[in-house]
2 protein chains.
Amino acid sequence: MSKIRTEKNIAPKTVILEKAAGLFKTKGFAATSMRELASELGIEAPSLYNHIGSKDELLQEICFKVANSFILHLTKVENLDQSIIRKVELLIRFHIKMTLENFDEVFVANHEWRNLQEPYLKKNLTLRRNYEKRLVSLIQNGIEKKEFSKINPQVAALTILAALRSLEFWQRHKKNISEKTLEDTIVHQLLNGIIQ
Amino acid sequence: MSKIRTEKNIAPKTVILEKAAGLFKTKGFAATSMRELASELGIEAPSLYNHIGSKDELLQEICFKVANSFILHLTKVENLDQSIIRKVELLIRFHIKMTLENFDEVFVANHEWRNLQEPYLKKNLTLRRNYEKRLVSLIQNGIEKKEFSKINPQVAALTILAALRSLEFWQRHKKNISEKTLEDTIVHQLLNGIIQ
DNA sequence: CCTACCGATCGGTAGG
DNA sequence: CCTACCGATCGGTAGG
């Protein structure tokens, strides 16, 4: 009876994916039911399947969309003619922007990818590890060029990636600090530390 | 027929909690069934309920045990007569030790607390926010004493806490690096940054 | 500790 | 888009 409300030619599937990301973020993938998702969209559960293939498919699309965005940007940055420090800075800033602009999707991709079914689980893990390795190489490169101190590049890479997850906690403080300030502060802290 | 195997007077409930933490970590709380847990312990699902009250109870015990450990240690550190830098360093080192020594529990407490039922969900969130606030105060204190540069103490606190989650990725690299080196490297990176 | 079993809920299909 | 409904699985109880 009541169609999914789509503004300005947005495909119903897109609307479903958005709502799904929000629910998966708040309740977790496994704890979210298709009836709940349908209810939020104002339709009955079976109607969802006119637009999507399965619940698993929703998680797959969210996880791989996010992964591909990060990989695409990393490739661009690698090919820039810039200092390594600048490249790492650009990566950090991109993570922050992506996270703030696509909060639900990034959150779900980070927390719920474990619920992917094979072969997607393995594929996703490979993409993540590959991304990490390329960041490690970049940092290794920076150490060789004396831009970075003699840190352990693996520890540095994983620490930076994990630190960027702090953005997940920032939603509730959003009003207190501008995105620009937040970006600059995090970049400075990760590159320069906090000691006077 | 087959009892839960407990070595050296370990309570059956302890064994159940350990296995549960392992499963919740790998599959997530909602995606783990009590039949699966029972099967791993070599018993039938209904037998679990001779030792525990409910599935929810398992998650509660894990989350609050971990939270209380961190809070207890924070209180100790706050009362020490040491520099703020040293106090923050001690906190970082404790997080690393706790995470490496109680990997499954810490992982579950960090990732699955969203699956707690009220009033435990709210209680747990309060504990987490309170912990964060006390770390922010400590850092604020360090800025006032000129031990830290004029960073944003909230950003600094959340970045440090998030960065410590990088330990979750370190299980698979364990062989490559000693715990001592890992600790020193992370402490140095968070306090001093990575730039030469 | 088990077997037997319950009501509830799940993802998804059939058919219109 | 709906109603009607399916088999599977869930957390948990009864009773021994």
# chains A, B, ... in the order shown; residues from 1 in each chain; ligands from 1
$ interface_residues --of "chain B" --to "chain D" --cutoff "9 Å" --atoms "only C-alpha atoms (C1' of nucleotides)" --output "list in words"
Ser33, Met34, Pro46, Tyr49, Ser54 and Lys55 of chain B
$ interface_residues --of "chain A" --to "chain B" --cutoff "6 Å" --atoms "only C-alpha atoms" --output "list in words"
Ala30, Ala31, Glu147, Phe148, Ser149, Leu158, Thr159, Ala162, Ala163, Arg165, Ser166, Leu190, Leu191, Asn192, Gly193, Ile194, Ile195 and Gln196 of chain A
$ atom_distance --atom1 "atom CA of A:Lys145" --atom2 "atom CA of A:Asn79"
16.9 Å
$ select_by_dssp --residues "stretch 126-165 of chain A" --states "alpha helix (DSSP H)" --output "MDAnalysis selection string"
chainID A and resid 126:144 153:163
$ write_last_selection --atoms "N, CA, C and O atoms" --output "compact mmCIF listing (two decimals), in the first residue's frame"
# COMPACT_ATOMS: atom_id res chain seq x y z
N THR A 126 41.02 -9.36 3.15
CA THR A 126 42.15 -9.14 2.25
C THR A 126 42.28 -7.67 1.88
O THR A 126 43.38 -7.11 1.89
N LEU A 127 41.16 -7.03 1.57
CA LEU A 127 41.19 -5.61 1.24
C LEU A 127 41.74 -4.79 2.41
O LEU A 127 42.56 -3.89 2.24
N ARG A 128 41.30 -5.11 3.62
CA ARG A 128 41.74 -4.38 4.80
C ARG A 128 43.23 -4.56 5.04
O ARG A 128 43.96 -3.61 5.32
N ARG A 129 43.68 -5.80 4.94
CA ARG A 129 45.10 -6.06 5.18
C ARG A 129 45.97 -5.41 4.12
O ARG A 129 47.06 -4.93 4.40
N ASN A 130 45.47 -5.41 2.90
CA ASN A 130 46.21 -4.79 1.82
C ASN A 130 46.34 -3.28 2.05
O ASN A 130 47.41 -2.70 1.86
N TYR A 131 45.27 -2.68 2.49
CA TYR A 131 45.28 -1.24 2.80
C TYR A 131 46.31 -0.95 3.88
O TYR A 131 47.11 -0.02 3.77
N GLU A 132 46.28 -1.78 4.93
CA GLU A 132 47.25 -1.61 6.02
C GLU A 132 48.68 -1.73 5.51
O GLU A 132 49.54 -0.90 5.84
N LYS A 133 48.93 -2.73 4.69
CA LYS A 133 50.29 -2.94 4.18
C LYS A 133 50.79 -1.75 3.38
O LYS A 133 51.95 -1.38 3.46
N ARG A 134 49.90 -1.17 2.58
CA ARG A 134 50.31 -0.03 1.77
C ARG A 134 50.61 1.19 2.64
O ARG A 134 51.51 1.97 2.34
N LEU A 135 49.86 1.32 3.74
CA LEU A 135 50.15 2.41 4.68
C LEU A 135 51.49 2.16 5.38
O LEU A 135 52.29 3.09 5.58
N VAL A 136 51.74 0.91 5.73
CA VAL A 136 53.02 0.56 6.35
C VAL A 136 54.18 0.92 5.41
O VAL A 136 55.17 1.51 5.83
N SER A 137 54.02 0.57 4.12
CA SER A 137 55.06 0.88 3.14
C SER A 137 55.31 2.38 3.05
O SER A 137 56.46 2.83 2.97
N LEU A 138 54.23 3.12 3.06
CA LEU A 138 54.35 4.57 2.97
C LEU A 138 55.15 5.10 4.15
O LEU A 138 56.06 5.93 3.99
N ILE A 139 54.84 4.62 5.33
CA ILE A 139 55.53 5.08 6.54
C ILE A 139 56.99 4.63 6.52
O ILE A 139 57.90 5.38 6.86
N GLN A 140 57.22 3.40 6.10
CA GLN A 140 58.57 2.88 5.95
C GLN A 140 59.38 3.79 5.03
O GLN A 140 60.52 4.16 5.34
N ASN A 141 58.75 4.18 3.96
CA ASN A 141 59.34 5.11 3.00
C ASN A 141 59.71 6.44 3.68
O ASN A 141 60.79 6.99 3.46
N GLY A 142 58.79 6.91 4.53
CA GLY A 142 59.03 8.17 5.24
C GLY A 142 60.18 8.08 6.22
O GLY A 142 60.89 9.06 6.47
N ILE A 143 60.34 6.91 6.80
CA ILE A 143 61.46 6.71 7.74
C ILE A 143 62.78 6.73 6.97
O ILE A 143 63.74 7.38 7.38
N GLU A 144 62.79 6.05 5.82
CA GLU A 144 64.01 6.01 5.01
C GLU A 144 64.39 7.41 4.52
O GLU A 144 65.57 7.74 4.42
N PRO A 153 57.24 0.86 11.71
CA PRO A 153 56.21 1.29 10.75
C PRO A 153 54.88 0.55 10.90
O PRO A 153 53.81 1.13 10.67
N GLN A 154 54.94 -0.71 11.29
CA GLN A 154 53.69 -1.46 11.48
C GLN A 154 52.91 -0.91 12.67
O GLN A 154 51.69 -0.71 12.59
N VAL A 155 53.62 -0.69 13.77
CA VAL A 155 52.95 -0.13 14.95
C VAL A 155 52.37 1.24 14.61
O VAL A 155 51.23 1.56 14.95
N ALA A 156 53.16 2.04 13.91
CA ALA A 156 52.72 3.39 13.56
C ALA A 156 51.45 3.35 12.71
O ALA A 156 50.48 4.06 12.97
N ALA A 157 51.46 2.49 11.70
CA ALA A 157 50.31 2.41 10.79
C ALA A 157 49.05 1.98 11.53
O ALA A 157 47.99 2.61 11.41
N LEU A 158 49.16 0.93 12.32
CA LEU A 158 47.98 0.43 13.02
C LEU A 158 47.51 1.40 14.09
O LEU A 158 46.31 1.53 14.33
N THR A 159 48.46 2.09 14.72
CA THR A 159 48.07 3.08 15.73
C THR A 159 47.29 4.22 15.09
O THR A 159 46.26 4.66 15.61
N ILE A 160 47.77 4.66 13.95
CA ILE A 160 47.07 5.75 13.25
C ILE A 160 45.66 5.31 12.83
O ILE A 160 44.67 6.00 13.07
N LEU A 161 45.57 4.13 12.22
CA LEU A 161 44.26 3.66 11.77
C LEU A 161 43.30 3.49 12.95
O LEU A 161 42.13 3.84 12.86
N ALA A 162 43.81 2.96 14.04
CA ALA A 162 42.96 2.77 15.21
C ALA A 162 42.56 4.11 15.81
O ALA A 162 41.40 4.32 16.20
N ALA A 163 43.52 5.03 15.85
CA ALA A 163 43.24 6.34 16.45
C ALA A 163 42.12 7.06 15.70
O ALA A 163 41.32 7.79 16.30
$ residues_around --residues "A:Ser47" --least-positions-apart "3" --cutoff "8 Å" --atoms "only C-alpha atoms (C1' of nucleotides)" --output "ChimeraX atom specification"
/A:38,43-44,50-51 /D:1-2
$ write_last_selection --atoms "C-alpha atoms (C1' of nucleotides)" --output "compact mmCIF listing (two decimals), in the first residue's frame"
# COMPACT_ATOMS: atom_id res chain seq x y z
CA ALA A 38 10.83 -2.72 6.93
CA ILE A 43 6.41 -1.24 4.56
CA GLU A 44 6.05 -4.95 5.34
CA ASN A 50 11.39 -6.54 -4.34
CA HIS A 51 14.40 -4.25 -4.02
C1' DC D 1 3.12 -3.37 -2.52
C1' DC D 2 0.35 -6.88 0.41
$ closest_residue --among "A:Ser39, A:Ser2, A:Asn9, A:Asn68" --to "A:Lys123" --atoms "only C-alpha atoms"
A:Asn68
$ residues_around --residues "A:Asp56" --least-positions-apart "2" --cutoff "9 Å" --atoms "only C-alpha atoms (C1' of nucleotides)" --output "VMD selection string"
chain A and resid 53 to 54 58 to 61 115 to 117
